[in-house]
Structures are given as structure tokens and as C-alpha cells.
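As stored in model-v1.cif (mmCIF, C-alpha atoms (C1' of nucleotides)):
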```cif
data_final
loop_
_atom_site.label_atom_id
_atom_site.label_comp_id
_atom_site.auth_asym_id
_atom_site.auth_seq_id
_atom_site.Cartn_x
_atom_site.Cartn_y
_atom_site.Cartn_z
CA ILE A 131 0.00 0.00 0.00
CA VAL A 132 2.86 2.36 0.79
CA THR A 133 4.30 1.64 -2.63
CA TYR A 134 1.01 2.39 -4.35
CA ASN A 135 0.53 5.61 -2.41
CA THR A 136 4.03 6.74 -3.21
CA ILE A 137 3.53 6.12 -6.90
CA ILE A 138 0.12 7.79 -6.99
CA ASP A 139 1.46 10.79 -5.15
CA GLY A 140 4.40 11.07 -7.48
CA LEU A 141 2.15 10.92 -10.53
CA CYS A 142 -0.20 13.51 -9.10
CA LYS A 143 2.63 15.86 -8.29
CA SER A 144 3.91 15.62 -11.83
CA LYS A 145 0.38 16.32 -13.09
CA ARG A 146 -0.17 12.87 -14.56
CA LEU A 147 -3.59 12.59 -13.01
CA ASP A 148 -5.01 10.16 -15.52
CA LYS A 149 -2.11 7.82 -14.92
CA ALA A 150 -2.53 8.17 -11.17
CA TRP A 151 -6.17 7.16 -11.41
CA MET A 152 -5.20 4.16 -13.51
CA ILE A 153 -2.90 2.99 -10.76
CA PHE A 154 -5.67 3.62 -8.28
CA GLU A 155 -7.95 1.31 -10.25
CA THR A 156 -5.22 -1.26 -10.59
CA MET A 157 -4.67 -1.35 -6.88
CA ASN A 158 -8.39 -1.80 -6.31
CA SER A 159 -8.59 -4.67 -8.76
CA MET A 160 -5.58 -6.29 -7.14
CA GLY A 161 -7.44 -6.26 -3.87
CA VAL A 162 -5.24 -3.65 -2.23
CA ASN A 163 -7.57 -1.33 -0.35
CA PRO A 164 -6.80 2.35 -0.52
CA ASP A 165 -6.25 3.89 2.87
CA ALA A 166 -6.65 7.38 4.26
CA CYS A 167 -3.35 8.43 2.79
CA THR A 168 -4.45 7.40 -0.70
CA TYR A 169 -7.50 9.58 -0.42
CA ASN A 170 -5.49 12.47 0.96
CA VAL A 171 -3.37 12.41 -2.15
CA LEU A 172 -6.32 12.09 -4.51
CA VAL A 173 -8.47 14.75 -2.90
CA ASP A 174 -5.57 17.14 -2.84
CA SER A 175 -4.68 16.53 -6.44
CA LEU A 176 -8.27 17.02 -7.57
CA CYS A 177 -8.34 20.33 -5.73
CA LYS A 178 -5.11 21.44 -7.27
CA ALA A 179 -6.47 20.60 -10.69
CA GLY A 180 -9.36 22.92 -9.98
CA LYS A 181 -11.85 20.09 -9.54
CA GLU A 182 -13.04 20.89 -6.03
CA ASP A 183 -16.48 19.49 -6.65
CA GLU A 184 -15.11 16.12 -7.62
CA ALA A 185 -12.82 16.27 -4.63
CA LEU A 186 -15.81 16.95 -2.43
CA LYS A 187 -17.64 13.95 -3.87
CA LEU A 188 -14.66 11.74 -3.22
CA PHE A 189 -14.39 13.09 0.30
CA GLU A 190 -18.06 12.36 0.94
CA GLN A 191 -17.56 8.83 -0.32
CA THR A 192 -14.68 8.28 2.07
CA VAL A 193 -16.72 9.62 4.95
CA GLU A 194 -19.56 7.24 4.17
CA GLY A 195 -17.31 4.32 3.41
CA ARG A 196 -14.89 4.60 6.28
CA ARG A 197 -17.21 6.34 8.73
CA THR A 198 -14.39 8.60 9.78
CA ILE A 199 -13.20 12.00 8.74
CA ASN A 200 -9.53 12.31 8.03
CA PRO A 201 -8.36 15.78 9.03
CA ILE A 202 -5.73 15.88 6.31
CA THR A 203 -8.20 15.04 3.56
CA PHE A 204 -10.57 17.59 4.93
CA SER A 205 -8.06 20.36 5.16
CA ALA A 206 -6.86 19.66 1.63
CA LEU A 207 -10.48 20.05 0.56
CA LEU A 208 -11.04 23.28 2.45
CA ASN A 209 -7.84 24.64 1.01
CA GLY A 210 -9.05 23.86 -2.47
CA PHE A 211 -12.29 25.71 -1.95
CA CYS A 212 -10.63 28.71 -0.34
CA ARG A 213 -8.07 29.01 -3.10
CA LYS A 214 -10.87 29.22 -5.64
CA GLY A 215 -12.67 32.00 -3.82
CA ARG A 216 -15.25 29.57 -2.47
CA ALA A 217 -14.54 30.20 1.17
CA ASP A 218 -18.19 30.48 2.08
CA GLU A 219 -18.76 26.94 0.88
CA ALA A 220 -15.67 25.87 2.75
CA VAL A 221 -17.08 27.37 5.92
CA ARG A 222 -20.37 25.58 5.37
CA LEU A 223 -18.49 22.31 5.14
CA HIS A 224 -16.49 23.25 8.18
CA ASN A 225 -19.69 23.83 10.13
CA LEU A 226 -21.04 20.43 9.15
CA VAL A 227 -17.86 18.71 10.19
CA LEU A 228 -17.63 20.72 13.39
CA ARG A 229 -20.89 19.17 14.53
CA THR A 230 -19.28 15.76 14.40
CA GLY A 231 -16.75 16.99 16.90
CA HIS A 232 -13.84 17.55 14.58
CA VAL A 233 -12.16 20.82 15.46
CA PRO A 234 -9.66 22.01 12.87
CA ASP A 235 -6.19 23.10 13.87
CA HIS A 236 -4.97 26.68 13.84
CA ILE A 237 -3.63 26.47 10.31
CA THR A 238 -6.92 25.29 8.85
CA TYR A 239 -8.75 28.02 10.73
CA THR A 240 -6.32 30.54 9.30
CA THR A 241 -6.89 29.22 5.80
CA LEU A 242 -10.62 29.71 6.21
CA ILE A 243 -10.21 33.16 7.69
CA LYS A 244 -7.99 34.24 4.84
CA GLY A 245 -10.38 32.74 2.33
CA LEU A 246 -13.21 34.79 3.79
CA CYS A 247 -11.14 37.95 3.80
CA ASN A 248 -10.24 37.42 0.18
CA ILE A 249 -13.87 37.45 -0.85
CA GLY A 250 -14.59 40.47 1.27
CA LYS A 251 -16.44 38.65 4.05
CA THR A 252 -14.48 40.30 6.79
CA ASP A 253 -17.23 40.04 9.38
CA ASP A 254 -17.51 36.32 8.83
CA ALA A 255 -13.75 36.14 9.22
CA LEU A 256 -14.00 37.94 12.54
CA LYS A 257 -16.72 35.56 13.63
CA LEU A 258 -14.64 32.55 12.71
CA PHE A 259 -11.69 33.97 14.60
CA LYS A 260 -13.84 34.22 17.71
CA GLU A 261 -15.09 30.70 17.19
CA MET A 262 -11.53 29.52 16.93
CA VAL A 263 -10.69 31.04 20.28
CA GLN A 264 -13.86 29.67 21.86
CA ARG A 265 -12.97 26.21 20.64
CA GLY A 266 -9.69 26.43 22.44
CA VAL A 267 -7.52 26.80 19.36
CA SER A 268 -5.07 29.61 20.06
CA PRO A 269 -4.46 31.88 17.13
CA ASP A 270 -0.76 32.28 16.45
CA VAL A 271 0.96 35.28 14.95
CA VAL A 272 -0.03 34.25 11.42
CA ALA A 273 -3.69 33.89 12.31
CA TYR A 274 -3.73 37.35 13.85
CA SER A 275 -1.84 38.78 10.89
CA VAL A 276 -4.26 37.32 8.39
CA LEU A 277 -7.19 38.84 10.17
CA LEU A 278 -5.35 42.10 10.56
CA SER A 279 -4.69 42.11 6.85
CA GLY A 280 -8.34 41.44 6.13
CA LEU A 281 -9.39 44.41 8.24
CA CYS A 282 -6.81 46.64 6.59
CA LYS A 283 -7.85 45.60 3.10
CA ALA A 284 -11.41 46.46 4.02
CA SER A 285 -10.12 49.89 5.11
CA ARG A 286 -11.06 49.07 8.69
CA VAL A 287 -7.76 50.23 10.04
CA ASP A 288 -9.12 51.35 13.40
CA GLU A 289 -10.33 47.85 14.09
CA ALA A 290 -6.99 46.55 12.90
CA VAL A 291 -5.25 48.71 15.48
CA GLN A 292 -7.60 47.40 18.15
CA LEU A 293 -6.77 43.88 17.12
CA LEU A 294 -3.07 44.65 17.32
CA ASN A 295 -3.55 45.99 20.82
CA LEU A 296 -5.43 42.87 21.80
CA MET A 297 -2.59 40.89 20.36
CA ILE A 298 0.03 42.83 22.31
CA GLU A 299 -2.01 42.48 25.46
CA LYS A 300 -2.73 38.80 25.40
CA GLY A 301 -1.72 37.20 22.15
CA PRO A 302 1.38 36.10 20.33
CA VAL A 303 4.15 38.64 19.86
CA PRO A 304 3.63 40.57 16.62
CA ASP A 305 6.49 40.24 14.17
CA ILE A 306 7.68 42.41 11.32
CA VAL A 307 5.10 40.97 8.94
CA THR A 308 2.32 41.94 11.31
CA TYR A 309 3.59 45.49 11.35
CA ASN A 310 4.13 45.54 7.60
CA ILE A 311 0.46 44.72 7.19
CA LEU A 312 -0.57 47.55 9.43
CA LEU A 313 1.85 49.96 7.78
CA ASP A 314 0.31 49.14 4.45
CA GLY A 315 -3.11 49.61 5.97
CA PHE A 316 -2.19 53.11 7.07
CA CYS A 317 -0.71 53.93 3.68
CA LYS A 318 -3.75 52.75 1.80
CA VAL A 319 -6.09 54.98 3.77
CA GLN A 320 -3.82 57.96 3.17
CA LYS A 321 -2.29 57.97 6.62
CA VAL A 322 1.31 57.80 5.54
CA ASP A 323 2.34 60.00 8.45
CA GLN A 324 1.04 57.46 10.91
CA ALA A 325 2.88 54.80 8.99
CA MET A 326 6.13 56.77 9.21
CA ASP A 327 5.62 57.26 12.93
CA LEU A 328 5.11 53.56 13.34
CA LEU A 329 8.30 52.89 11.38
CA LYS A 330 10.24 54.86 13.95
CA LYS A 331 8.78 52.76 16.74
CA LEU A 332 9.76 49.47 15.20
CA SER A 333 13.27 49.43 16.58
CA GLU A 334 11.96 50.16 20.08
CA LEU A 335 9.89 47.05 19.66
CA GLY A 336 13.00 45.12 18.84
CA LEU A 337 12.03 44.69 15.20
CA THR A 338 14.06 45.40 12.12
CA ALA A 339 12.38 46.85 9.08
CA ASP A 340 12.86 44.67 6.03
CA MET A 341 12.67 45.48 2.33
CA CYS A 342 8.97 44.83 2.39
CA THR A 343 8.54 47.49 5.05
CA TYR A 344 10.40 50.01 2.95
CA ASN A 345 8.63 49.06 -0.24
CA THR A 346 5.32 49.58 1.48
CA LEU A 347 6.34 52.99 2.72
CA LEU A 348 7.93 54.06 -0.55
CA ASP A 349 4.77 53.19 -2.38
CA GLY A 350 2.68 54.93 0.25
CA LEU A 351 4.75 58.08 0.01
CA PHE A 352 4.63 58.17 -3.77
CA LYS A 353 0.92 57.49 -3.94
CA SER A 354 0.15 60.28 -1.53
CA GLY A 355 2.19 62.69 -3.56
CA LYS A 356 5.15 62.90 -1.20
CA CYS A 357 7.64 62.12 -3.89
CA THR A 358 10.44 64.06 -2.28
CA ASP A 359 10.08 62.14 0.95
CA ALA A 360 9.96 58.95 -1.02
CA MET A 361 13.13 59.75 -2.90
CA ASN A 362 14.84 60.77 0.31
CA LEU A 363 13.93 57.45 1.84
CA TYR A 364 15.17 55.73 -1.28
CA GLN A 365 18.45 57.61 -1.07
CA GLU A 366 18.78 56.65 2.56
CA LEU A 367 18.33 53.03 1.65
CA THR A 368 20.85 53.30 -1.14
CA THR A 369 23.49 54.86 1.06
CA ASN A 370 23.08 52.43 3.91
CA GLY A 371 23.49 49.62 1.45
CA SER A 372 20.06 48.02 1.72
CA GLN A 373 19.48 45.25 -0.74
CA MET A 374 16.78 46.57 -3.06
CA ASP A 375 14.62 44.17 -4.95
CA ILE A 376 12.73 44.34 -8.20
CA ILE A 377 9.64 45.54 -6.39
CA THR A 378 11.49 48.55 -5.02
CA TYR A 379 12.49 49.49 -8.53
CA ARG A 380 9.00 49.13 -9.87
CA ILE A 381 7.63 51.32 -7.13
CA VAL A 382 10.19 54.05 -7.67
CA LEU A 383 9.92 53.91 -11.43
CA SER A 384 6.18 54.16 -11.49
CA GLY A 385 6.33 56.80 -8.78
CA LEU A 386 8.60 58.93 -10.91
CA CYS A 387 6.40 58.41 -13.94
CA GLU A 388 3.35 59.33 -11.96
CA ARG A 389 4.95 62.55 -10.89
CA GLY A 390 5.85 63.32 -14.48
CA ASP A 391 9.56 63.29 -13.81
CA LEU A 392 10.30 61.64 -17.07
CA ASP A 393 13.97 62.49 -17.23
CA ASP A 394 14.53 61.05 -13.80
CA ALA A 395 12.36 58.08 -14.65
CA VAL A 396 14.37 57.33 -17.76
CA LYS A 397 17.63 57.72 -15.87
CA PHE A 398 16.33 55.48 -13.19
CA PHE A 399 15.19 52.95 -15.74
CA TYR A 400 18.70 52.71 -17.16
CA SER A 401 20.27 52.38 -13.74
CA VAL A 402 17.94 49.51 -12.95
CA VAL A 403 18.64 47.82 -16.23
CA ARG A 404 22.36 48.17 -15.58
CA LYS A 405 21.87 46.24 -12.39
CA GLY A 406 20.59 43.38 -14.49
CA TYR A 407 16.88 43.63 -13.84
CA SER A 408 14.34 43.76 -16.58
CA PRO A 409 11.46 45.89 -15.40
CA LYS A 410 8.03 44.52 -16.03
CA SER A 411 6.64 45.17 -19.45
CA ALA A 412 3.82 47.07 -17.85
CA ILE A 413 6.19 49.64 -16.47
CA CYS A 414 8.10 49.84 -19.70
CA SER A 415 4.86 50.61 -21.45
CA THR A 416 3.91 53.29 -18.98
CA LEU A 417 7.24 54.92 -19.37
CA LEU A 418 7.00 54.84 -23.16
CA ASP A 419 3.48 56.10 -23.09
CA LYS A 420 4.34 59.03 -20.87
CA LEU A 421 7.33 59.90 -23.00
CA CYS A 422 5.24 59.90 -26.13
CA LYS A 423 2.56 62.03 -24.58
CA ALA A 424 5.18 64.47 -23.45
CA GLY A 425 6.24 64.74 -27.05
CA LYS A 426 9.54 63.02 -26.51
CA VAL A 427 8.97 60.49 -29.20
CA ASP A 428 12.62 60.21 -30.13
CA GLU A 429 13.57 59.35 -26.61
CA ALA A 430 10.77 56.83 -26.46
CA ALA A 431 12.04 55.19 -29.62
CA LYS A 432 15.53 54.94 -28.22
CA LEU A 433 14.22 53.49 -25.02
CA TYR A 434 12.10 51.04 -26.93
CA GLU A 435 15.17 49.65 -28.66
CA GLU A 436 16.91 49.31 -25.36
CA MET A 437 13.93 47.49 -23.95
CA GLN A 438 13.85 45.10 -26.86
CA ARG A 439 17.46 44.29 -26.28
CA ARG A 440 16.74 43.60 -22.62
CA ILE A 441 14.02 41.16 -23.52
CA CYS A 442 11.26 42.99 -21.79
CA VAL A 443 8.31 43.30 -24.06
CA PRO A 444 6.33 46.47 -23.87
CA THR A 445 3.00 46.01 -25.58
"C1'" A O 37 5.31 9.72 7.60
"C1'" A O 38 4.06 7.48 1.58
"C1'" U O 39 -0.24 12.27 1.99
"C1'" C O 40 -2.80 18.60 2.51
"C1'" G O 41 -2.39 23.17 4.31
"C1'" G O 42 -1.87 29.57 6.56
"C1'" G O 43 0.47 35.92 6.76
"C1'" U O 44 2.82 41.53 4.38
"C1'" U O 45 4.83 45.39 -0.30
"C1'" U O 46 4.65 46.65 -6.65
"C1'" U O 47 1.96 45.03 -11.19
"C1'" G O 48 0.76 49.49 -17.11
"C1'" A O 49 -1.83 51.42 -21.36
"C1'" G O 50 -5.41 51.70 -25.14
"C1'" A O 51 -10.19 50.44 -26.93
"C1'" G O 52 -15.15 49.25 -25.71
"C1'" C O 53 -19.32 49.12 -22.39
#
```
Before we go any further, please render this structure as C-alpha cells.
Amino acid sequence: IVTYNTIIDGLCKSKRLDKAWMIFETMNSMGVNPDACTYNVLVDSLCKAGKEDEALKLFEQTVEGRRTINPITFSALLNGFCRKGRADEAVRLHNLVLRTGHVPDHITYTTLIKGLCNIGKTDDALKLFKEMVQRGVSPDVVAYSVLLSGLCKASRVDEAVQLLNLMIEKGPVPDIVTYNILLDGFCKVQKVDQAMDLLKKLSELGLTADMCTYNTLLDGLFKSGKCTDAMNLYQELTTNGSQMDIITYRIVLSGLCERGDLDDAVKFFYSVVRKGYSPKSAICSTLLDKLCKAGKVDEAAKLYEEMQRRICVPT
RNA sequence: AAUCGGGUUUUGAGAGC
């Protein structure tokens, strides 16, 4: 049975689903009964192939046939539904299974909470978070962060701050990701100043800002029109030798374009390209478009050639 | 363990409706 499971899993992982199912049939006809592990693999692979409904059917069959619910199969199934934006259905399934006394672990709860947030059902996510606590499953830093992110994305930053305070008071210790989420939340509701204040407090909290922190703030500064502040921050990062990533460059480049600083944008573009990055075609196109509209068609043409050489394809 | 699984930053334009 272990051999069969290993083979089926291997086939599923290399996307040879049809072949995997053939082996499954073979094992049945040879009188080798599939076990929980076999079904875990199959349910998961159906989900990953976008066939959640078939996965659900298979899951139901195993529940009837074996009269037990395997938590791994079930969480694979819930994952599949959540990934597809079907978190509400996942929660319905979760509620059914909950009645049989199966309480999911903190990761599965987090998956569901994130799924709900992704489809904008933030209140349901909050409810589920409370249920989780009531059921004696302690939310870890990721669970809190996911919920925090959901609140921020729904522009409910005040509630996010409350949640952070709750967390500080009697939850897991927030990490840099938690704060990055909140920083982004502030930025997105045009409270960049609050975000910058929070940045200063990070070191007091014993946390080190990472590139994601700075990217968030750079973008926030640009988008709220504080281009000078943004460029100052960028300079600061350059001089202290921070390791920029492609995302930093995209933010700065589009920030410069947005401001209409085409000369700087073009200069910046070349400096990025010299570092060996190829900016996304989207940004190349923006840059070209802005240049053309500013009447600098010649420059745009030159840039276009350069872009072609660098294998980024502006459309 | 032969099997699933969770968090943060960027992502263009035009046309049409």
C-alpha cells in the first residue's frame, strides 16, 4: 500500500492525473484497499487541478465508506475551496464537520479566515476567529496577521489597530510581517504619516524593518504625492546599502512616472537595467506612453530599442 | 510519515461598455 501511495502521489505531483487514477484502479482490482493516505493524495490533487467538486464527492464517499473523517483530507479540501474563492462553501463544510466533533487546527482556521477575507467577508472572518478562540484553538501570529490584513484591506484600520492591541495584550508577539500589514493599511487609507511614525517605533519594539517594510512605505509616500520624501527614503536606503529588490524598482519607477519626472524616470530605468533587472513590461509601457505624450517620441524610440534588447516586451 | 495546508509590499496602457 505504501508503494502504491508513493507512486500515486508522485504521478499527481507531476500532473499525470489520468495515470494516477489508472494505478488507483489497478490497486483496487488487485485487492489492495486504498487507505486514508491514498485519499489524501487524490483529494488534494483534484483540488489542485481545480476540480473541487469532484474532490468533495470523493471526500463524501470516504466519509460514508470509512465512517471517519480524516483531518488531512478535509483540510486539503477546504484549502481547495478557499483558493478558488469559495470560502463560504468551505465554511459551510467546516460547520457540518464541526458538529461531528472535529475541530480544525490553527492552520486550517487561518486558511478559512484568509479565504473569507479574500472574498470580502471580513465580518464572517471575525466571527470565525472568535469561534476559533472559543474552541480552544489559540491563534498564532499568522492567524492574527491574516485577520489584521483582512481588516486593513477592508479599510477598517481602526479595528486593525484594536486587534493589534489585543494581540500585544494577550496574544502572540507581533512580528515584522504583522507590522508591515498595518503599515500598508495606514498607507492605503492615506495615513502615511502614521505609517512613518510607526516605522520609527519598530526598533523600540525590537524589530528590524525589512525590504517589504520600505517598499510599502515608498509606495505609500509616492501614492500620496510625497515624492520628495519617497526619494529621500530611497536615497537613505541606497546609502546604507540596503538590498533593493525588483519591487522597489518598480515602485520608484512608477512613482517617478506618476509625478511626471520623465527624465529622472528614464535615468532610473537605465540604472535599474544596468543592475541586471528587466522591469516589467507594464512599467516599460507606462514609461514609453508618458514619454510619447510628453512629445519626446525620439527618446521613447531609443528606449524602446533598449527594452527590446533587454528582452522585456512592452506592448 | 508514503499524503494537505496559513500571513505583508509593486503590477501598465489603449479600446469598448
Show me, as a list in words, the residues that have an atom within 12 Å of A:Glu219 when counting only C-alpha atoms (C1' of nucleotides), minus same-chain residues fewer than 3 positions from it.
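So, after excluding close chain neighbours, the residues are Glu182, Asp183, Leu186, Leu207, Leu208, Asn209, Gly210, Phe211, Cys212, Arg213, Lys214, Gly215, Arg216, Arg222, Leu223, His224, Asn225, Leu226, Leu242, Gly245, Leu246 and Ile249 of chain A.
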Could you make a table, as CSV, of the residues of chain O that have an atom within 7 Å of an atom of chain A, each with its nearest atom pair and distance in Å to one decimal, counting all atoms listed in the file, in chain and number order?
```
residue,atom,partner,partner_atom,distance
O:A38,C1',A:Thr136,CA,4.8
O:U39,C1',A:Cys167,CA,5.0
O:C40,C1',A:Ala206,CA,4.3
O:G41,C1',A:Ala206,CA,6.3
O:G42,C1',A:Thr241,CA,5.1
O:G43,C1',A:Val272,CA,5.0
O:U44,C1',A:Ile311,CA,4.9
O:U45,C1',A:Thr346,CA,4.6
O:U46,C1',A:Ile377,CA,5.1
O:G48,C1',A:Ala412,CA,4.0
O:A49,C1',A:Thr416,CA,6.5
```
Report, in Å to a single decimal, how far apart atom CA of A:Pro234 and atom CA of A:Gly280 are.
20.6 Å
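For the pair atom CA of A:Ala290 and atom CA of A:Val267, the interatomic distance is 20.8 Å.
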Using only C-alpha atoms, which of A:Ala179, A:Leu332, A:Val291, A:Leu141 sits nearest A:Phe316?
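Closest residue, counting only C-alpha atoms: A:Val291.
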Can you complete the atoms of stretch 383-402 of chain A to N, CA, C and O atoms and list them as a PDB file, keeping the file's coordinate frame?
```pdb
ATOM      1  N   LEU A 383      10.097  53.569 -10.024  1.00  0.00           N
ATOM      2  CA  LEU A 383       9.920  53.910 -11.430  1.00  0.00           C
ATOM      3  C   LEU A 383       8.517  54.421 -11.700  1.00  0.00           C
ATOM      4  O   LEU A 383       8.326  55.457 -12.343  1.00  0.00           O
ATOM      5  N   SER A 384       7.537  53.704 -11.194  1.00  0.00           N
ATOM      6  CA  SER A 384       6.180  54.160 -11.490  1.00  0.00           C
ATOM      7  C   SER A 384       5.862  55.422 -10.694  1.00  0.00           C
ATOM      8  O   SER A 384       5.077  56.260 -11.140  1.00  0.00           O
ATOM      9  N   GLY A 385       6.512  55.563  -9.539  1.00  0.00           N
ATOM     10  CA  GLY A 385       6.330  56.800  -8.780  1.00  0.00           C
ATOM     11  C   GLY A 385       6.851  57.996  -9.540  1.00  0.00           C
ATOM     12  O   GLY A 385       6.194  59.033  -9.609  1.00  0.00           O
ATOM     13  N   LEU A 386       8.007  57.830 -10.130  1.00  0.00           N
ATOM     14  CA  LEU A 386       8.600  58.930 -10.910  1.00  0.00           C
ATOM     15  C   LEU A 386       7.740  59.240 -12.139  1.00  0.00           C
ATOM     16  O   LEU A 386       7.536  60.396 -12.488  1.00  0.00           O
ATOM     17  N   CYS A 387       7.267  58.204 -12.781  1.00  0.00           N
ATOM     18  CA  CYS A 387       6.400  58.410 -13.940  1.00  0.00           C
ATOM     19  C   CYS A 387       5.150  59.154 -13.533  1.00  0.00           C
ATOM     20  O   CYS A 387       4.726  60.098 -14.211  1.00  0.00           O
ATOM     21  N   GLU A 388       4.590  58.740 -12.457  1.00  0.00           N
ATOM     22  CA  GLU A 388       3.350  59.330 -11.960  1.00  0.00           C
ATOM     23  C   GLU A 388       3.529  60.825 -11.735  1.00  0.00           C
ATOM     24  O   GLU A 388       2.680  61.632 -12.046  1.00  0.00           O
ATOM     25  N   ARG A 389       4.688  61.162 -11.182  1.00  0.00           N
ATOM     26  CA  ARG A 389       4.950  62.550 -10.890  1.00  0.00           C
ATOM     27  C   ARG A 389       5.206  63.353 -12.160  1.00  0.00           C
ATOM     28  O   ARG A 389       5.122  64.565 -12.181  1.00  0.00           O
ATOM     29  N   GLY A 390       5.556  62.621 -13.233  1.00  0.00           N
ATOM     30  CA  GLY A 390       5.850  63.320 -14.480  1.00  0.00           C
ATOM     31  C   GLY A 390       7.319  63.671 -14.609  1.00  0.00           C
ATOM     32  O   GLY A 390       7.704  64.438 -15.469  1.00  0.00           O
ATOM     33  N   ASP A 391       8.116  63.085 -13.748  1.00  0.00           N
ATOM     34  CA  ASP A 391       9.560  63.290 -13.810  1.00  0.00           C
ATOM     35  C   ASP A 391      10.174  62.348 -14.817  1.00  0.00           C
ATOM     36  O   ASP A 391      10.849  61.391 -14.469  1.00  0.00           O
ATOM     37  N   LEU A 392       9.925  62.636 -16.072  1.00  0.00           N
ATOM     38  CA  LEU A 392      10.300  61.640 -17.070  1.00  0.00           C
ATOM     39  C   LEU A 392      11.802  61.477 -17.197  1.00  0.00           C
ATOM     40  O   LEU A 392      12.305  60.375 -17.374  1.00  0.00           O
ATOM     41  N   ASP A 393      12.516  62.589 -17.096  1.00  0.00           N
ATOM     42  CA  ASP A 393      13.970  62.490 -17.230  1.00  0.00           C
ATOM     43  C   ASP A 393      14.536  61.599 -16.135  1.00  0.00           C
ATOM     44  O   ASP A 393      15.334  60.702 -16.384  1.00  0.00           O
ATOM     45  N   ASP A 394      14.085  61.876 -14.912  1.00  0.00           N
ATOM     46  CA  ASP A 394      14.530  61.050 -13.800  1.00  0.00           C
ATOM     47  C   ASP A 394      14.103  59.602 -13.986  1.00  0.00           C
ATOM     48  O   ASP A 394      14.853  58.671 -13.709  1.00  0.00           O
ATOM     49  N   ALA A 395      12.881  59.430 -14.463  1.00  0.00           N
ATOM     50  CA  ALA A 395      12.360  58.080 -14.650  1.00  0.00           C
ATOM     51  C   ALA A 395      13.222  57.315 -15.646  1.00  0.00           C
ATOM     52  O   ALA A 395      13.576  56.162 -15.416  1.00  0.00           O
ATOM     53  N   VAL A 396      13.558  57.981 -16.744  1.00  0.00           N
ATOM     54  CA  VAL A 396      14.370  57.330 -17.760  1.00  0.00           C
ATOM     55  C   VAL A 396      15.752  56.990 -17.205  1.00  0.00           C
ATOM     56  O   VAL A 396      16.255  55.878 -17.356  1.00  0.00           O
ATOM     57  N   LYS A 397      16.319  57.959 -16.488  1.00  0.00           N
ATOM     58  CA  LYS A 397      17.630  57.720 -15.870  1.00  0.00           C
ATOM     59  C   LYS A 397      17.554  56.523 -14.935  1.00  0.00           C
ATOM     60  O   LYS A 397      18.402  55.645 -14.932  1.00  0.00           O
ATOM     61  N   PHE A 398      16.506  56.553 -14.154  1.00  0.00           N
ATOM     62  CA  PHE A 398      16.330  55.480 -13.190  1.00  0.00           C
ATOM     63  C   PHE A 398      16.168  54.139 -13.890  1.00  0.00           C
ATOM     64  O   PHE A 398      16.748  53.134 -13.482  1.00  0.00           O
ATOM     65  N   PHE A 399      15.404  54.169 -14.963  1.00  0.00           N
ATOM     66  CA  PHE A 399      15.190  52.950 -15.740  1.00  0.00           C
ATOM     67  C   PHE A 399      16.537  52.351 -16.166  1.00  0.00           C
ATOM     68  O   PHE A 399      16.787  51.162 -15.994  1.00  0.00           O
ATOM     69  N   TYR A 400      17.395  53.209 -16.705  1.00  0.00           N
ATOM     70  CA  TYR A 400      18.700  52.710 -17.160  1.00  0.00           C
ATOM     71  C   TYR A 400      19.526  52.169 -15.996  1.00  0.00           C
ATOM     72  O   TYR A 400      20.203  51.158 -16.129  1.00  0.00           O
ATOM     73  N   SER A 401      19.454  52.850 -14.861  1.00  0.00           N
ATOM     74  CA  SER A 401      20.270  52.380 -13.740  1.00  0.00           C
ATOM     75  C   SER A 401      19.787  51.017 -13.256  1.00  0.00           C
ATOM     76  O   SER A 401      20.569  50.179 -12.845  1.00  0.00           O
ATOM     77  N   VAL A 402      18.481  50.807 -13.350  1.00  0.00           N
ATOM     78  CA  VAL A 402      17.940  49.510 -12.950  1.00  0.00           C
ATOM     79  C   VAL A 402      18.385  48.428 -13.936  1.00  0.00           C
ATOM     80  O   VAL A 402      18.816  47.344 -13.547  1.00  0.00           O
TER      81      VAL A 402
END
```
